[in-house]
Amino acid sequence: MKRRPIATFSIHGYGYQEQQEEDRLSSLPDALLIHILSQIDTRLAVQSSILSKRWVNLWTFLPVLNFDSSFFPKDQKYTLDNFVYKVTFDIFIEKVLAYRNDSIKIDRVSIKVTDHKTMARVLGYALSHRVPNLSIDTSQNLSKYHPILVNSSDSDSLVSFALKGMLDFGKFPNFSGLVKLRLERVRIVESEPFSSFPNLEELFLVNCKLLCDLDGLEVVGFRLSRLTISSCFYHPIPYKKFVLVTPKLMVLELDGLIPMSLEASELPVLDTVHIDCFLRVAERSDREPDESQQKVNLINILRCLGNAKCVHLSPSTVKLLDISCDMLVEETCPFGNLKILNLIPPPNKPVVDLQPFVKAYLLKDCPRAVVTAFPR
């Protein structure tokens, strides 16, 4: 690999020293050393330049950049052209982006940061340099929500995008290349924010809040095949309506308190469903459903999942069905193509047999379905 001469950039004010004996690690080929450095924090990768001349420029060839402000001392210093500077996290990122080898395509950028200005700079850099995989974590900042500002126009380069922390998520430009999106602890500020990603195949929503002005959330994804929603529906406000426009959805996972209502136009290829319904009887807030409402919500959800072939139910979900006898006796079997009903066993406990009325409700129209008990 041909190296270009650049200014020495190392942490703690150290330069490099010629080693009397080449260590075994330094004797490895460049490609392997660069792969190793790509697995660690970029700060440590830059520090490796002090080891010997052999290591001085290696970090500039990294295809993966990992920035974490929590591992960055406030009194950090670096040496550049024989001058010692005090470094802050944002300056360090600026220097890394300026001195890295631009001929090397970046495959992934990951940043954990409290400063949203720095976050926006890294986001802009990743989009302008056509980085396919981007992860942003601002969860260390607990003060207030910040918008995600995207200055670029339509993009086809970003493939995988993860956002975590107090961020407002709304409409993006058209990101035609995005295949996987993960949102965690963000606030969704528009009722239909996902149609900007026409080729999205996987969507993960974890502990996402809804803007108070919104009554519900609509997921529009004509290529979406996997949807996971965990602990999203009642904090700080309930999702009064949850709508799926996902004709190619194959896997659906619902964890936590389930939504007040689920509307799904058609789920013709739905194959696998996981439901872990959190049953809360005491200490619920006024916004959360009581036991009676939870029963209704669960039954309404199951009505929308009739094409599922493999259904996994948690112990708490089975328990909620067990106490719904008065409702289930009037319900028809929700499934028509069920092949496997998996009752996830409680930790370190045997599986409890289904009550006869629950078994009849779930399996009446699917006599050949197999009941199993495999851990999730």
# chains A, B, ... in the order shown; residues from 1 in each chain; ligands from 1
call {"tool": "residues_around", "arguments": {"residues": "segment 300-312 of chain A", "least_positions_apart": "4", "cutoff": "10 Å", "atoms": "only C-alpha atoms", "output": "ChimeraX atom specification"}}
result
/A:250-254,258-276,294-296,317,331-344,362,369-376
call {"tool": "residues_around", "arguments": {"residues": "Val352 of chain A", "least_positions_apart": "6", "cutoff": "9 Å", "atoms": "only C-alpha atoms", "output": "PDB file with C-alpha atoms, in the first residue's frame"}}
result
ATOM      1  CA  PRO A 315     -45.583 -15.765  29.017  1.00  0.00           C
ATOM      2  CA  LEU A 343     -45.174 -20.466  23.654  1.00  0.00           C
ATOM      3  CA  PRO A 345     -41.218 -20.528  28.318  1.00  0.00           C
ATOM      4  CA  PRO A 346     -40.675 -18.360  31.409  1.00  0.00           C
TER       5      PRO A 346
END
call {"tool": "residues_around", "arguments": {"residues": "segment 215-231 of chain A", "least_positions_apart": "6", "cutoff": "8 Å", "atoms": "only C-alpha atoms", "output": "VMD selection string"}}
result
chain A and resid 190 to 195 197 to 208 238 to 257
call {"tool": "closest_residue", "arguments": {"among": "A:Cys277, A:Lys349, A:Glu330, A:Thr88", "to": "Val318 of chain A", "atoms": "only C-alpha atoms"}}
result
A:Cys277
call {"tool": "residues_around", "arguments": {"residues": "segment 163-172 of chain A", "least_positions_apart": "5", "cutoff": "9 Å", "atoms": "only C-alpha atoms", "output": "ChimeraX atom specification"}}
result
/A:134-150,154,181-197,211
call {"tool": "decode", "arguments": {"residues": "segment 287-315 of chain A", "atoms": "N, CA, C and O atoms", "output": "PDB file, in the first residue's frame"}}
result
ATOM      1  N   ARG A 287     -52.306   7.517  31.462  1.00  0.00           N
ATOM      2  CA  ARG A 287     -52.236   7.380  30.008  1.00  0.00           C
ATOM      3  C   ARG A 287     -52.194   5.918  29.581  1.00  0.00           C
ATOM      4  O   ARG A 287     -52.404   5.610  28.412  1.00  0.00           O
ATOM      5  N   GLU A 288     -51.868   5.023  30.492  1.00  0.00           N
ATOM      6  CA  GLU A 288     -51.700   3.616  30.134  1.00  0.00           C
ATOM      7  C   GLU A 288     -53.027   2.867  30.271  1.00  0.00           C
ATOM      8  O   GLU A 288     -53.865   3.217  31.096  1.00  0.00           O
ATOM      9  N   PRO A 289     -53.222   1.822  29.460  1.00  0.00           N
ATOM     10  CA  PRO A 289     -54.492   1.095  29.479  1.00  0.00           C
ATOM     11  C   PRO A 289     -54.637   0.248  30.732  1.00  0.00           C
ATOM     12  O   PRO A 289     -53.669  -0.316  31.240  1.00  0.00           O
ATOM     13  N   ASP A 290     -55.867   0.134  31.227  1.00  0.00           N
ATOM     14  CA  ASP A 290     -56.109  -0.784  32.333  1.00  0.00           C
ATOM     15  C   ASP A 290     -56.173  -2.209  31.781  1.00  0.00           C
ATOM     16  O   ASP A 290     -56.037  -2.440  30.577  1.00  0.00           O
ATOM     17  N   GLU A 291     -56.398  -3.160  32.671  1.00  0.00           N
ATOM     18  CA  GLU A 291     -56.371  -4.565  32.270  1.00  0.00           C
ATOM     19  C   GLU A 291     -57.411  -4.856  31.191  1.00  0.00           C
ATOM     20  O   GLU A 291     -57.136  -5.560  30.212  1.00  0.00           O
ATOM     21  N   SER A 292     -58.604  -4.300  31.342  1.00  0.00           N
ATOM     22  CA  SER A 292     -59.665  -4.532  30.366  1.00  0.00           C
ATOM     23  C   SER A 292     -59.275  -3.999  28.988  1.00  0.00           C
ATOM     24  O   SER A 292     -59.491  -4.658  27.970  1.00  0.00           O
ATOM     25  N   GLN A 293     -58.670  -2.813  28.961  1.00  0.00           N
ATOM     26  CA  GLN A 293     -58.272  -2.225  27.685  1.00  0.00           C
ATOM     27  C   GLN A 293     -57.124  -3.008  27.052  1.00  0.00           C
ATOM     28  O   GLN A 293     -57.056  -3.163  25.832  1.00  0.00           O
ATOM     29  N   GLN A 294     -56.229  -3.533  27.883  1.00  0.00           N
ATOM     30  CA  GLN A 294     -55.130  -4.344  27.356  1.00  0.00           C
ATOM     31  C   GLN A 294     -55.669  -5.600  26.665  1.00  0.00           C
ATOM     32  O   GLN A 294     -55.142  -6.025  25.628  1.00  0.00           O
ATOM     33  N   LYS A 295     -56.690  -6.197  27.228  1.00  0.00           N
ATOM     34  CA  LYS A 295     -57.304  -7.369  26.595  1.00  0.00           C
ATOM     35  C   LYS A 295     -57.840  -7.007  25.208  1.00  0.00           C
ATOM     36  O   LYS A 295     -57.605  -7.712  24.225  1.00  0.00           O
ATOM     37  N   VAL A 296     -58.571  -5.903  25.140  1.00  0.00           N
ATOM     38  CA  VAL A 296     -59.151  -5.459  23.872  1.00  0.00           C
ATOM     39  C   VAL A 296     -58.051  -5.169  22.861  1.00  0.00           C
ATOM     40  O   VAL A 296     -58.139  -5.570  21.689  1.00  0.00           O
ATOM     41  N   ASN A 297     -57.001  -4.495  23.305  1.00  0.00           N
ATOM     42  CA  ASN A 297     -55.899  -4.136  22.401  1.00  0.00           C
ATOM     43  C   ASN A 297     -55.249  -5.383  21.807  1.00  0.00           C
ATOM     44  O   ASN A 297     -54.958  -5.438  20.604  1.00  0.00           O
ATOM     45  N   LEU A 298     -55.006  -6.380  22.658  1.00  0.00           N
ATOM     46  CA  LEU A 298     -54.348  -7.593  22.179  1.00  0.00           C
ATOM     47  C   LEU A 298     -55.221  -8.333  21.166  1.00  0.00           C
ATOM     48  O   LEU A 298     -54.737  -8.776  20.118  1.00  0.00           O
ATOM     49  N   ILE A 299     -56.480  -8.458  21.456  1.00  0.00           N
ATOM     50  CA  ILE A 299     -57.382  -9.158  20.533  1.00  0.00           C
ATOM     51  C   ILE A 299     -57.459  -8.414  19.196  1.00  0.00           C
ATOM     52  O   ILE A 299     -57.462  -9.023  18.123  1.00  0.00           O
ATOM     53  N   ASN A 300     -57.518  -7.088  19.256  1.00  0.00           N
ATOM     54  CA  ASN A 300     -57.555  -6.297  18.027  1.00  0.00           C
ATOM     55  C   ASN A 300     -56.284  -6.482  17.198  1.00  0.00           C
ATOM     56  O   ASN A 300     -56.333  -6.535  15.966  1.00  0.00           O
ATOM     57  N   ILE A 301     -55.150  -6.591  17.885  1.00  0.00           N
ATOM     58  CA  ILE A 301     -53.876  -6.804  17.177  1.00  0.00           C
ATOM     59  C   ILE A 301     -53.898  -8.155  16.465  1.00  0.00           C
ATOM     60  O   ILE A 301     -53.527  -8.272  15.291  1.00  0.00           O
ATOM     61  N   LEU A 302     -54.309  -9.186  17.167  1.00  0.00           N
ATOM     62  CA  LEU A 302     -54.296 -10.536  16.589  1.00  0.00           C
ATOM     63  C   LEU A 302     -55.214 -10.630  15.367  1.00  0.00           C
ATOM     64  O   LEU A 302     -54.929 -11.382  14.434  1.00  0.00           O
ATOM     65  N   ARG A 303     -56.290  -9.855  15.353  1.00  0.00           N
ATOM     66  CA  ARG A 303     -57.188  -9.861  14.193  1.00  0.00           C
ATOM     67  C   ARG A 303     -56.479  -9.416  12.914  1.00  0.00           C
ATOM     68  O   ARG A 303     -56.864  -9.811  11.821  1.00  0.00           O
ATOM     69  N   CYS A 304     -55.454  -8.574  13.066  1.00  0.00           N
ATOM     70  CA  CYS A 304     -54.747  -8.024  11.897  1.00  0.00           C
ATOM     71  C   CYS A 304     -53.634  -8.936  11.397  1.00  0.00           C
ATOM     72  O   CYS A 304     -53.000  -8.627  10.388  1.00  0.00           O
ATOM     73  N   LEU A 305     -53.386 -10.037  12.103  1.00  0.00           N
ATOM     74  CA  LEU A 305     -52.203 -10.854  11.800  1.00  0.00           C
ATOM     75  C   LEU A 305     -52.592 -12.232  11.276  1.00  0.00           C
ATOM     76  O   LEU A 305     -51.853 -13.198  11.437  1.00  0.00           O
ATOM     77  N   GLY A 306     -53.731 -12.326  10.622  1.00  0.00           N
ATOM     78  CA  GLY A 306     -54.293 -13.618  10.240  1.00  0.00           C
ATOM     79  C   GLY A 306     -53.462 -14.440   9.285  1.00  0.00           C
ATOM     80  O   GLY A 306     -53.605 -15.658   9.224  1.00  0.00           O
ATOM     81  N   ASN A 307     -52.568 -13.820   8.516  1.00  0.00           N
ATOM     82  CA  ASN A 307     -51.760 -14.570   7.553  1.00  0.00           C
ATOM     83  C   ASN A 307     -50.474 -15.147   8.136  1.00  0.00           C
ATOM     84  O   ASN A 307     -49.727 -15.820   7.429  1.00  0.00           O
ATOM     85  N   ALA A 308     -50.191 -14.855   9.406  1.00  0.00           N
ATOM     86  CA  ALA A 308     -48.938 -15.310  10.012  1.00  0.00           C
ATOM     87  C   ALA A 308     -48.855 -16.836  10.037  1.00  0.00           C
ATOM     88  O   ALA A 308     -49.843 -17.519  10.323  1.00  0.00           O
ATOM     89  N   LYS A 309     -47.674 -17.336   9.756  1.00  0.00           N
ATOM     90  CA  LYS A 309     -47.441 -18.786   9.762  1.00  0.00           C
ATOM     91  C   LYS A 309     -46.762 -19.260  11.042  1.00  0.00           C
ATOM     92  O   LYS A 309     -46.915 -20.406  11.451  1.00  0.00           O
ATOM     93  N   CYS A 310     -45.985 -18.378  11.666  1.00  0.00           N
ATOM     94  CA  CYS A 310     -45.272 -18.735  12.901  1.00  0.00           C
ATOM     95  C   CYS A 310     -45.496 -17.620  13.915  1.00  0.00           C
ATOM     96  O   CYS A 310     -45.106 -16.470  13.667  1.00  0.00           O
ATOM     97  N   VAL A 311     -46.133 -17.940  15.042  1.00  0.00           N
ATOM     98  CA  VAL A 311     -46.466 -16.944  16.052  1.00  0.00           C
ATOM     99  C   VAL A 311     -45.780 -17.304  17.363  1.00  0.00           C
ATOM    100  O   VAL A 311     -45.920 -18.429  17.860  1.00  0.00           O
ATOM    101  N   HIS A 312     -45.024 -16.344  17.910  1.00  0.00           N
ATOM    102  CA  HIS A 312     -44.319 -16.522  19.191  1.00  0.00           C
ATOM    103  C   HIS A 312     -45.001 -15.627  20.223  1.00  0.00           C
ATOM    104  O   HIS A 312     -45.100 -14.410  20.030  1.00  0.00           O
ATOM    105  N   LEU A 313     -45.441 -16.216  21.329  1.00  0.00           N
ATOM    106  CA  LEU A 313     -46.108 -15.474  22.383  1.00  0.00           C
ATOM    107  C   LEU A 313     -45.333 -15.597  23.683  1.00  0.00           C
ATOM    108  O   LEU A 313     -44.970 -16.705  24.098  1.00  0.00           O
ATOM    109  N   SER A 314     -45.092 -14.473  24.337  1.00  0.00           N
ATOM    110  CA  SER A 314     -44.383 -14.480  25.613  1.00  0.00           C
ATOM    111  C   SER A 314     -45.300 -14.972  26.727  1.00  0.00           C
ATOM    112  O   SER A 314     -46.538 -15.007  26.563  1.00  0.00           O
ATOM    113  N   PRO A 315     -44.742 -15.331  27.891  1.00  0.00           N
ATOM    114  CA  PRO A 315     -45.583 -15.765  29.017  1.00  0.00           C
ATOM    115  C   PRO A 315     -46.616 -14.724  29.435  1.00  0.00           C
ATOM    116  O   PRO A 315     -47.763 -15.067  29.760  1.00  0.00           O
TER     117      PRO A 315
END
